[in-house]
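The block underneath contains the structure these notes are about, expressed in structure tokens.
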Protein chains: 2
Amino acid sequence: MNAPEHPTPFDAAALDAADTLAPLRDLFDLPADVIYLDGNSLGPLPRATAERVAQLVRGEWGEGLIRSWNTAGWFALPGRLGDAIAPLIGAGAGQVLACDTTSINLYKVLAAFVGQRSAGRTRIVSERSNFPTDLYIAQGLCQQHGMTLHLVEHADDIPAAVGADVAVLMLTHVNYRDGRMHDMVALTAAAHAAGAFAIWDLAHSAGAVPVDLLGAGADAAVGCGYKYLNGGPGAPAFVWVHPKHLGPGTTLAQPLQGWWGHAAPFAFVPQYQPGAGIERFQCGTQPVLALAALGCGLDTLHAAQPLGGMAALRAKSLALTDAFIAAAQPICAAHGLRVATPLAHALRGSQVSLAWDAAAQPRPGAGYAVVQALIARGVIGDFRKGDARMADILRFGFAPLYLRFADVAQAAQALAEVLHTREWDQPQFLQQGAVT
Amino acid sequence: MNAPEHPTPFDAAALDAADTLAPLRDLFDLPADVIYLDGNSLGPLPRATAERVAQLVRGEWGEGLIRSWNTAGWFALPGRLGDAIAPLIGAGAGQVLACDTTSINLYKVLAAFVGQRSAGRTRIVSERSNFPTDLYIAQGLCQQHGMTLHLVEHADDIPAAVGADVAVLMLTHVNYRDGRMHDMVALTAAAHAAGAFAIWDLAHSAGAVPVDLLGAGADAAVGCGYKYLNGGPGAPAFVWVHPKHLGPGTTLAQPLQGWWGHAAPFAFVPQYQPGAGIERFQCGTQPVLALAALGCGLDTLHAAQPLGGMAALRAKSLALTDAFIAAAQPICAAHGLRVATPLAHALRGSQVSLAWDAAAQPRPGAGYAVVQALIARGVIGDFRKGDARMADILRFGFAPLYLRFADVAQAAQALAEVLHTREWDQPQFLQQGAVT
């Protein structure tokens, strides 16, 4: 094989020196020996989190006990953190809640808008390559309501799929596999033109790319707290509904009607009465420790505000992924690895995915093994297995809050060495574990 | 008023000296100046929790990063903690999951069994005084399925209400207001005799009273992690389904079908396929920090195992509530406060509720104010407002893991003084805050 032994060089030191966001890296406790390219799956630990959680545990819980529900503002956390998420996704104050999980929040909004569909609208449209839990949740609702989930194979075919029989277009803004980003404005408009609602999953967008939900006129959105928001493993998710659906005279209802979503939770009346606004999308008591950690994660994004905020983060993210693609592409090409992430900036999220078709792999399981060999070297990405329709994917997330261009150069160099020396072709790397 | 100035005395020192469970109090970090009678609402901080959470945050998350999903066993936590809950509620290994919230878990099991109902079964039966979120969740499901929620006024009338048109009898085992405990065996049998399913909410039972779900032949149960299980504010809840409903050939399905409930979550296939057993009652990614804290809470209960386990805890709980009732009743009677908790042991949970009918109160808001005056003295109970049908309630939880008979004596003394001196009748106590 006539593969280049080294990645295409670039001046990482100069780029890092010119990076006005570079000081933000100090907000995180990153292990010294790790280049962390998996913040798209689990964000790293903010430096402030451990102390905040300890203070919550020992002070608010241990000393304050039950009193802290009031005195420490625990009840207000879902709304307060929602307000911190709002500017990152183009939503207004009082419109977002941090609560439950992405799957459960999707169920709430999907059920709510399916409940608003007009007669004859029997389909929910999504993508086959959408994150599976979104499809599973939609399948459950379709079963309940005698509807069909229509899965589009290629992103370009989505507008044509949204016909007069569609109730909801449900998409993940940035695809978890290939990192392709949808045009939220155009697709929301296409859904509305067809009389359908547009619901967006921002799991790979919030904190990674600029999002303008109100500007796009989206109907609802959900997203994840533990990826680019750095909220910790299994951090609470978030939910947003356009305020036009929640004003006086509206009837939008979600089925998980627990006491936290009641208009007066502490009246303890036996009859449910939904809260006036987004509050009705709450359900049960929320995990306060996890919410506190999410708050520290959100603080890391708000620290970027005086340095240019999401626009500056986006510019650096694109520079990082550009640099990685440019550096790694010749090596990858020599080994049959395609860059699956779109080269056009408008179509790219904050990750680079390398796709390995089964036929192009030097041996079965090579994709998984390459990722494991990189992890053994401290370069942490992850692997998503494909199927007959989709290639195996090697994913590398580039979170602009804490990554340096030097990390990009080192990651590309490690990838080149692992591929060139066939370091990955060892039993300890080829054996697949439960998860990567 | 000819009220006694002091509670009926009892030999607290002798009872504490004879208490074989007394050493367990050392498992908790309790503030020195507090007598904590609200463990029925939020359990106190176990001594091990702060360090465990710190180790999770700094080590597993900070150092291990994404790798800890495997290496630290994060994915297995809902099942592993479920296995720790199982012996406390008479369930088997592999039958319980710690996940989500009580409200959401109730939605799952209620929807699942409503989905199994035969034609003509159009009612869900519960109690009007059940915790409201249970009623709200049931109301939502009734609306979805064209069913009716039938609320029984008096516990004794429940068996008669379970007729041939009932799909599910849904009860909270120990009532959150008056602490009355249902006969799970008899009521489950009554439900089954009528062809209905029996679903139990163990929010005020798990860790407080012995429960034998398999022995009672219950169909499903949910419960709370942050009360007697000492899991921390908003700790994940739990869910159990009788294994006979989950074996091969069964079709029990729950609508919150997220990826964690999939038969192969990491296959990332687009079609939902439910997990074989209780796993299908999982939905989205769980809050790992909160689960870790719940694990420490469960350890405190398991520490009682060599000292007699739930039977010993129950015996002490009854001795504590007996002592409080005996000491406080004469004073309460003189002030128009009824003991609302049943005197019969078989009908009593682990709390004592004092009911104050509006007519018997010296002035409106007196109940709330008495609780506030007690809290100001460091005796922490809570208050639940009544309505036209139900009296205001002053609640005092007696968790046998950490309370002493000396605490009972001191609490009764404080109550006597607050009532006798009318200490409660001050503006700072009468003004109602958001929550107690």
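Ligands are numbered from 1 in the order shown, residues from 1 within each chain, and chains are lettered A, B, ... in the order they appear in the structure tokens.
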query = Asp382 of chain B: which residues within 8 Å, counting only C-alpha atoms, same-chain residues fewer than 4 positions away excluded, as JSON, numbers by chain?
reply = {"B": [38, 371, 394, 395, 396, 436]}
Those same residues, written as a compact mmCIF listing (two decimals), in the first residue's frame with C-alpha atoms?
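Just written: again01.txt:
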# COMPACT_ATOMS: atom_id res chain seq x y z
CA ASP B 38 -38.92 14.27 57.48
CA VAL B 371 -44.67 23.03 61.81
CA LEU B 394 -48.81 17.80 60.35
CA ARG B 395 -46.49 14.97 59.31
CA PHE B 396 -43.71 13.40 61.36
CA THR B 436 -42.57 22.79 53.30
message = Just want the 7 Å neighbourhood of Ser317 of chain B, counted on only C-alpha atoms, with same-chain residues fewer than 3 positions away dropped. Output as a list in words.
response =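 So, after excluding close chain neighbours, the residues are Leu313, Arg314, Leu320, Thr321, Ser350, Phe398, Ala399 and Pro400 of chain B.
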Would you mind exporting the chosen residues as a PDB file, in the first residue's frame, restricted to C-alpha atoms?
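Heads up, here's the output in result08.pdb:
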ATOM      1  CA  LEU B 313     -36.402  -1.905  61.222  1.00  0.00           C
ATOM      2  CA  ARG B 314     -40.162  -2.394  61.241  1.00  0.00           C
ATOM      3  CA  LEU B 320     -40.895   4.882  67.676  1.00  0.00           C
ATOM      4  CA  THR B 321     -44.350   5.799  66.370  1.00  0.00           C
ATOM      5  CA  SER B 350     -43.568   4.708  59.458  1.00  0.00           C
ATOM      6  CA  PHE B 398     -39.887   8.128  62.038  1.00  0.00           C
ATOM      7  CA  ALA B 399     -37.094   6.429  60.121  1.00  0.00           C
ATOM      8  CA  PRO B 400     -35.690   3.646  62.298  1.00  0.00           C
TER       9      PRO B 400
END
key: strand (DSSP E) call set, DSSP backbone run, segment 214-354 of chain A, as a PyMOL selection string   = chain A and resi 220-223+237-241+338-339+351-354
request  = Check every residue of chain A for an atom within 7 Å of chain B, counting only C-alpha atoms, and provide those that qualify as a ChimeraX atom specification.
outcome  = /A:29-31,42,44-45,50,54,57-58,61-63,65-66,70,101-104,128,132-133,135-137,140,233-236,255-259,266,268-272,283-290,435
With C-alpha atoms retained, export the selected residues as a short mmCIF file (atom, residue, chain, number, x, y, z; two decimals), in the first residue's frame.
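Contents of the output file result_5.cif:
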data_model
loop_
_atom_site.label_atom_id
_atom_site.label_comp_id
_atom_site.auth_asym_id
_atom_site.auth_seq_id
_atom_site.Cartn_x
_atom_site.Cartn_y
_atom_site.Cartn_z
CA ASP A 29 -10.15 19.11 34.37
CA LEU A 30 -8.76 17.13 31.44
CA PRO A 31 -6.44 14.18 32.08
CA LEU A 42 -19.81 12.74 26.98
CA PRO A 44 -15.41 16.37 30.04
CA LEU A 45 -15.46 17.48 33.67
CA ALA A 50 -16.64 18.68 41.82
CA ALA A 54 -19.71 18.50 47.06
CA VAL A 57 -24.24 17.14 48.90
CA ARG A 58 -22.72 18.26 52.21
CA TRP A 61 -28.62 18.18 51.33
CA GLY A 62 -26.66 17.20 54.44
CA GLU A 63 -27.18 20.39 56.45
CA LEU A 65 -32.12 18.67 54.40
CA ILE A 66 -35.74 19.09 53.25
CA ASN A 70 -36.96 26.21 49.14
CA THR A 101 -34.08 12.42 29.43
CA THR A 102 -33.96 13.28 25.74
CA SER A 103 -36.08 10.21 24.94
CA ILE A 104 -38.75 11.15 27.47
CA ARG A 128 -33.37 6.20 8.87
CA PRO A 132 -32.34 5.14 17.16
CA THR A 133 -34.03 6.23 20.40
CA LEU A 135 -37.14 6.39 16.04
CA TYR A 136 -38.14 4.01 18.83
CA ILE A 137 -40.08 6.71 20.65
CA GLY A 140 -44.29 3.67 20.05
CA PRO A 233 -22.87 11.30 32.57
CA GLY A 234 -26.61 11.01 32.06
CA ALA A 235 -27.19 14.72 32.79
CA PRO A 236 -30.82 15.84 32.51
CA PRO A 255 -49.37 12.77 28.42
CA LEU A 256 -46.70 12.51 31.16
CA GLN A 257 -48.74 14.73 33.42
CA GLY A 258 -46.97 14.51 36.73
CA TRP A 259 -47.22 16.84 39.69
CA PHE A 266 -48.27 22.12 46.16
CA PHE A 268 -52.11 18.69 46.22
CA VAL A 269 -55.52 18.70 44.55
CA PRO A 270 -56.68 15.42 43.03
CA GLN A 271 -57.45 16.85 39.56
CA TYR A 272 -54.67 17.58 37.08
CA CYS A 283 -43.45 15.51 35.17
CA GLY A 284 -41.86 14.10 38.33
CA THR A 285 -39.21 15.17 40.85
CA GLN A 286 -35.89 15.89 39.16
CA PRO A 287 -32.40 14.63 40.16
CA VAL A 288 -30.95 17.64 41.96
CA LEU A 289 -27.33 16.40 42.02
CA ALA A 290 -27.43 15.87 38.27
CA VAL A 435 -19.85 -0.16 24.15
#
Non-local contacts of segment 185-188 of chain A (7 Å; only C-alpha atoms; under 4 positions in same chain excluded) as a PDB file with C-alpha atoms, in the first residue's frame:
ATOM      1  CA  PRO A 159     -38.682  17.869   1.702  1.00  0.00           C
ATOM      2  CA  HIS A 192     -45.026  24.153   7.732  1.00  0.00           C
ATOM      3  CA  ALA A 198     -41.354  20.510  12.909  1.00  0.00           C
ATOM      4  CA  ALA A 216     -36.550  29.148  12.337  1.00  0.00           C
ATOM      5  CA  ALA A 218     -39.633  25.511  14.926  1.00  0.00           C
TER       6      ALA A 218
END
task = Would you mind listing what lies within 6 Å of Arg348 of chain B as a count of residues only, with only C-alpha atoms counted and same-chain residues fewer than 6 positions away left out?
result = 3
request  = Skip Gly223 of chain B itself and residues of its chain fewer than 3 positions away, then list as a list in words all residues within 7 Å of it, counting only C-alpha atoms.
outcome  =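 My reading of the contact set: Thr102, Asp201, Leu202, Ala203, Ala237, Phe238 and Val239 of chain B.
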query = How would you write, as JSON, numbers by chain, the set of residues in segment 164-360 of chain A that DSSP gives as alpha helix (DSSP H)?
reply = {"A": [184, 185, 186, 187, 188, 189, 190, 191, 192, 193, 213, 214, 215, 216, 288, 289, 290, 291, 292, 293, 294, 295, 296, 297, 298, 299, 300, 301, 302, 309, 310, 311, 312, 313, 314, 315, 316, 317, 318, 319, 320, 321, 322, 323, 324, 325, 326, 327, 328, 329, 330, 331, 332, 333, 334]}
task = Please provide as a PyMOL selection string all residues within 12 Å of Pro364 of chain A, with the sequence filter that same-chain residues fewer than 5 positions apart are discarded (counting only C-alpha atoms).
result = chain A and resi 356-359+369-370+385-386+391-392+424-425+430-432
key: Pairwise distance for atom CA of Ala12 of chain A and atom CA of Tyr368 of chain A, rounded to one decimal in Å   =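 Computing it gives 28.0 Å between the two atoms.
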task = Pick out the closest residue to Asp165 of chain A from this set: A:His150, A:His6, A:Arg422, A:Arg363. Count only C-alpha atoms.
result = A:His150
